[in-house]
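To start, the structure under review is shown below, and the notes come after it.
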Amino acid sequence: MNSNYEVVIGLEVHVQLTTDTKIFCGCSTAFGNEPNSQTCPVCLGLPGALPVLNRKVVEYAIRTGLATNCQIAPRSIFARKNYFYPDLPKGYQISQYELPICEHGHLEIETEEGGAKKVGLTRIHMEEDAGKLLHGETPETAGSSFVDLNRACTPLLEIVSEPDMRSSDEAIAYLKKLHQIVVYLGVCDGSMEQGSFRCDANVSVRPRGQQEFGTRAELKNINSFRFIKQAIEYEVERQIELIEEGGKVVQETRLFDADAGTTRSMRGKEEAHDYRYFPDPDLVPLVIDEKWIEKVRGGLPELPAVKVERFVAEHGLSREDAEVLCAERAIAEYYDECVRLHGDAKPCANWVMGEVQRRLNEEAIAIDQAPVSPELLAGLLKRIADNTISGKIAKTVFEEMWKSGRDADTIIDEKGLKQVTDTGAIEAAVDEVIAANPSQVEEYRGGKEKLLGFFVGQVMKATRGKANPGMVNEMLRKKLS
Ligand SMILES: [Zn+2]
């Protein structure tokens, strides 16, 4: 990138809420059902039907606002955003405009240089989603489009950042943090493929040192972190090139083409006044008292940043390990439970980040579907700690536990995997190995000390991995000296 320019990025994220019902009616929000099976006069926009606000949506908005350091407005207003589109039966979308529910928040992100940076959060407002258009793909339906209004009136939060980000990496760091928070809060399922967390990026460039912002382009509806990064980087290069060639960036909405890795113009950008916002006369102003806010605050889960601190301070984990474990709430809770049962944090962390994570990846399942529960894992770690089995045998036992869902003790007993700590048995194996390898013994005694590993290996092999490695080492050294 041309270093004479500075990049300015602001992000608008649409978060679909996990409430069971829609924002202004009682229809289900379940995904993937028969088109138009989840509709009623309200979300179909029939004349005379009146919206009734879903209390849960307000609670989720407050929860999100508190977790992102926002002020919660004691009084906010729903407004009509007027435009026509076939998937919007009322001819307007109910949103919030002048008085949103949350304002003046911030999130802290890590920068590439390793420091912390505050990204301002301008506002969070509640709104309804539109329906979906399906374009005919069979020979009979080609050329026709169909409207599915199951998604119409589904609750969304729009979370708008300040234009505080200065690189695509900062934008991704912000998005990942926000994604992590809404999933931790349980207000969003986080699925980017299903569109539950989607992002518009406002991107502009300006000559370094210039105060005022350059003209921005808005990149619409991008649904993966990787694509957002690609789209921003392409757009930055495009704008700089354009300016260097003497051209001018125009304010517009652009679409990202994932196959080509480029952005292309979709339409000239609308201004807010194009929408003729006005307060929705069907909905009274929303008044939230301090009591309600405090009640929601009291019910907030432990947020990722706090969890990381606790794992570092109380469990003695490195910050890096704590962050890996806290990336997903369910994984962090699994680990936490394991520590509560086993008592020793370090092996729990290693096993969760190691074997457990590896098996989850292999089978592409979530941790709540893992056949080895925290209780079962803690049971296994206890047997390593009390020297019943070695760490190596434990991996075999774990594999068996994963396949069968049975506990470690049963498997250890059944397969006779108990570690041999009986001095006599180990001594016999050591003597046997020494007797069988006279030339190696001679070399070892002649100074080739790294042969010790060879002898240990032979003894472990002879005992099928069950001898206590510490005892084997000690006995070999004694007998070979
Ligand atoms: Zn409805």
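Numbering starts fresh at 1 for the residues of each chain in the structure tokens, the chains themselves are lettered A, B, ... in the order given, and ligands are numbered from 1 as they appear.
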Would you list the residues that come within 7 Å of ligand 1? Count only C-alpha atoms and all ligand atoms and give the answer as a count of residues only.
-> 11
Enumerate the residues of range 159-356 of chain A with a DSSP assignment of helix (DSSP H, G or I), computed from the backbone, and present them as a PyMOL selection string.
-> chain A and resi 168-185+225-244+272-275+290-298+304-315+319-326+329-342+345-356
Given only C-alpha atoms as the counted atoms, nearest of A:Leu381, A:Ala408, A:Ile23, A:Val296 to Thr64 in chain A = A:Val296
Would you give me, as an MDAnalysis selection string, the residues in range 276-399 of chain A that DSSP reads as strand (DSSP E)?
-> chainID A and resid 278:279 286:287
Measuring atom to atom with only C-alpha atoms, identify which of A:Val7, A:Ile393, A:Arg319, A:Ile159 is nearest to Thr215 in chain A.
-> A:Val7
Extract, using only C-alpha atoms, all DNA, RNA and protein residues at most 7 Å from Leu417 in chain A, discarding same-chain residues fewer than 4 positions from it, and format them as a ChimeraX atom specification.
-> /A:412-413,466
Writer output for current selection, all heavy atoms, as a PDB file, in the first residue's frame:
```
ATOM      1  N   ILE A 412      -9.043 -48.356  31.791  1.00  0.00           N
ATOM      2  CA  ILE A 412      -7.712 -48.732  32.298  1.00  0.00           C
ATOM      3  C   ILE A 412      -7.741 -50.171  32.851  1.00  0.00           C
ATOM      4  O   ILE A 412      -6.880 -50.985  32.551  1.00  0.00           O
ATOM      5  CB  ILE A 412      -7.231 -47.740  33.387  1.00  0.00           C
ATOM      6  CG1 ILE A 412      -6.985 -46.364  32.760  1.00  0.00           C
ATOM      7  CG2 ILE A 412      -5.959 -48.240  34.066  1.00  0.00           C
ATOM      8  CD1 ILE A 412      -6.789 -45.245  33.757  1.00  0.00           C
ATOM      9  N   ASP A 413      -8.795 -50.467  33.621  1.00  0.00           N
ATOM     10  CA  ASP A 413      -8.939 -51.807  34.190  1.00  0.00           C
ATOM     11  C   ASP A 413      -9.104 -52.850  33.099  1.00  0.00           C
ATOM     12  O   ASP A 413      -8.398 -53.857  33.062  1.00  0.00           O
ATOM     13  CB  ASP A 413     -10.190 -51.873  35.092  1.00  0.00           C
ATOM     14  CG  ASP A 413      -9.856 -51.386  36.486  1.00  0.00           C
ATOM     15  OD1 ASP A 413      -8.654 -51.165  36.746  1.00  0.00           O
ATOM     16  OD2 ASP A 413     -10.792 -51.218  37.302  1.00  0.00           O
ATOM     17  N   LYS A 466       3.837 -49.474  29.654  1.00  0.00           N
ATOM     18  CA  LYS A 466       3.204 -49.313  30.958  1.00  0.00           C
ATOM     19  C   LYS A 466       4.166 -49.045  32.112  1.00  0.00           C
ATOM     20  O   LYS A 466       3.729 -48.719  33.211  1.00  0.00           O
ATOM     21  CB  LYS A 466       2.364 -50.564  31.275  1.00  0.00           C
ATOM     22  CG  LYS A 466       1.164 -50.688  30.344  1.00  0.00           C
ATOM     23  CD  LYS A 466       0.246 -51.816  30.750  1.00  0.00           C
ATOM     24  CE  LYS A 466       0.918 -53.153  30.574  1.00  0.00           C
ATOM     25  NZ  LYS A 466      -0.003 -54.270  30.815  1.00  0.00           N
TER      26      LYS A 466
END
```
Neighbours of Asp386 in chain A within 12 Å (only C-alpha atoms; same-chain residues fewer than 4 positions away dropped), as JSON, numbers by chain?
-> {"A": [342, 379, 380, 381, 382, 390, 391, 418, 419, 421, 468]}
Using only C-alpha atoms, which residues sit within 7 Å of range 328-339 of chain A once same-chain residues fewer than 2 positions away are excluded, as a compact mmCIF listing (two decimals) with C-alpha atoms, in the first residue's frame?
```
# COMPACT_ATOMS: atom_id res chain seq x y z
CA TYR A 184 -21.09 -14.75 25.02
CA LEU A 325 -9.53 -20.97 25.85
CA CYS A 326 -11.84 -17.94 26.06
CA LEU A 341 -13.21 -30.96 39.32
CA HIS A 342 -9.51 -31.72 38.89
CA GLY A 343 -7.91 -28.86 40.78
CA ASP A 344 -4.80 -28.49 38.64
CA ALA A 345 -5.34 -25.94 35.85
CA CYS A 348 -6.71 -29.16 32.03
CA ALA A 349 -5.68 -26.30 29.72
CA VAL A 352 -8.62 -28.97 26.27
CA ILE A 367 -17.93 -28.92 22.48
CA PRO A 374 -15.49 -32.33 31.85
CA GLU A 375 -16.21 -34.97 34.54
CA ALA A 378 -11.03 -34.75 34.99
```
Quick one: everything within 12 Å of Val356 in chain A, counting only C-alpha atoms, minus sequence neighbours fewer than 5 positions away in the same chain. Send it as a ChimeraX atom specification.
-> /A:325,331,334-335,348-351,361-374,376-377,395,398-399,401-402
Closest to Leu53 in chain A among A:Ile222, A:Leu286, A:Met165, A:Leu149, using only C-alpha atoms?
->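 Of A:Ile222, A:Leu286, A:Met165, A:Leu149, the one nearest Leu53 in chain A, counting only C-alpha atoms, is A:Leu286.
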Enumerate, in order of chain and increasing residue number, the residues of range 271-316 of chain A with an atom no farther than 9 Å from range 83-94 of chain A, each with its shortest atom pair and distance in Å to one decimal, counting only C-alpha atoms, as CSV.
```
residue,atom,partner,partner_atom,distance
A:Asp274,CA,A:Tyr83,CA,8.6
A:Tyr275,CA,A:Tyr83,CA,6.3
A:Arg276,CA,A:Tyr83,CA,8.6
A:Asp280,CA,A:Ile94,CA,7.4
```
Between CA of Glu128 in chain A and CA of Ser204 in chain A, what is the spacing in Å?
-> 28.7 Å
Looking at only C-alpha atoms, which of A:Asp148, A:Glu442, A:Glu140, A:Glu170 is the one that sits closest to Glu108 in chain A?
-> A:Glu170
For Ala429 in chain A, please output as JSON, numbers by chain all residues within 7 Å (counting only C-alpha atoms; exclusion window: fewer than 3 positions along the same chain).
-> {"A": [425, 426, 432, 433, 459, 462]}
Now that the selection is made, can you save its residues with all heavy atoms as a short mmCIF file (atom, residue, chain, number, x, y, z; two decimals), in the first residue's frame?
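Below you can see selection-v9.cif, which holds the result:
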```cif
data_model
loop_
_atom_site.label_atom_id
_atom_site.label_comp_id
_atom_site.auth_asym_id
_atom_site.auth_seq_id
_atom_site.Cartn_x
_atom_site.Cartn_y
_atom_site.Cartn_z
N ALA A 425 9.31 -55.91 38.65
CA ALA A 425 8.92 -56.10 37.25
C ALA A 425 9.74 -55.21 36.33
O ALA A 425 10.19 -55.63 35.26
CB ALA A 425 7.43 -55.81 37.09
N ILE A 426 9.96 -53.98 36.77
CA ILE A 426 10.74 -53.07 35.94
C ILE A 426 12.19 -53.54 35.87
O ILE A 426 12.81 -53.55 34.80
CB ILE A 426 10.65 -51.62 36.48
CG1 ILE A 426 9.21 -51.11 36.34
CG2 ILE A 426 11.61 -50.70 35.75
CD1 ILE A 426 8.98 -49.72 36.89
N GLU A 432 16.74 -57.64 31.17
CA GLU A 432 16.54 -58.31 29.89
C GLU A 432 17.09 -57.47 28.74
O GLU A 432 17.80 -57.97 27.87
CB GLU A 432 15.04 -58.52 29.69
CG GLU A 432 14.66 -59.84 29.05
CD GLU A 432 13.16 -60.01 29.16
OE1 GLU A 432 12.68 -60.49 30.22
OE2 GLU A 432 12.47 -59.62 28.20
N VAL A 433 16.75 -56.20 28.74
CA VAL A 433 17.18 -55.31 27.66
C VAL A 433 18.70 -55.16 27.67
O VAL A 433 19.35 -55.18 26.62
CB VAL A 433 16.49 -53.93 27.79
CG1 VAL A 433 17.15 -52.90 26.89
CG2 VAL A 433 15.00 -54.06 27.44
N VAL A 459 12.89 -50.74 26.97
CA VAL A 459 12.19 -51.19 28.17
C VAL A 459 10.69 -50.86 28.07
O VAL A 459 9.84 -51.69 28.41
CB VAL A 459 12.80 -50.54 29.45
CG1 VAL A 459 11.97 -50.92 30.68
CG2 VAL A 459 14.25 -50.96 29.62
N ALA A 462 9.15 -53.35 25.87
CA ALA A 462 9.00 -54.65 26.53
C ALA A 462 7.83 -54.66 27.52
O ALA A 462 7.21 -55.69 27.75
CB ALA A 462 10.31 -55.01 27.24
#
```
Find the residue from A:Gly186, A:Asn2, A:Ile77, A:Val160 that sits nearest to Thr19 in chain A; use only C-alpha atoms when measuring.
-> A:Gly186
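Taking CA of Thr111 in chain A as the reference point, CA of Arg254 in chain A is found at 27.1 Å.
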Of the listed residues A:Val183, A:Leu11, A:His273, A:Met471, that which approaches Val420 in chain A most closely, counting only C-alpha atoms = A:Met471
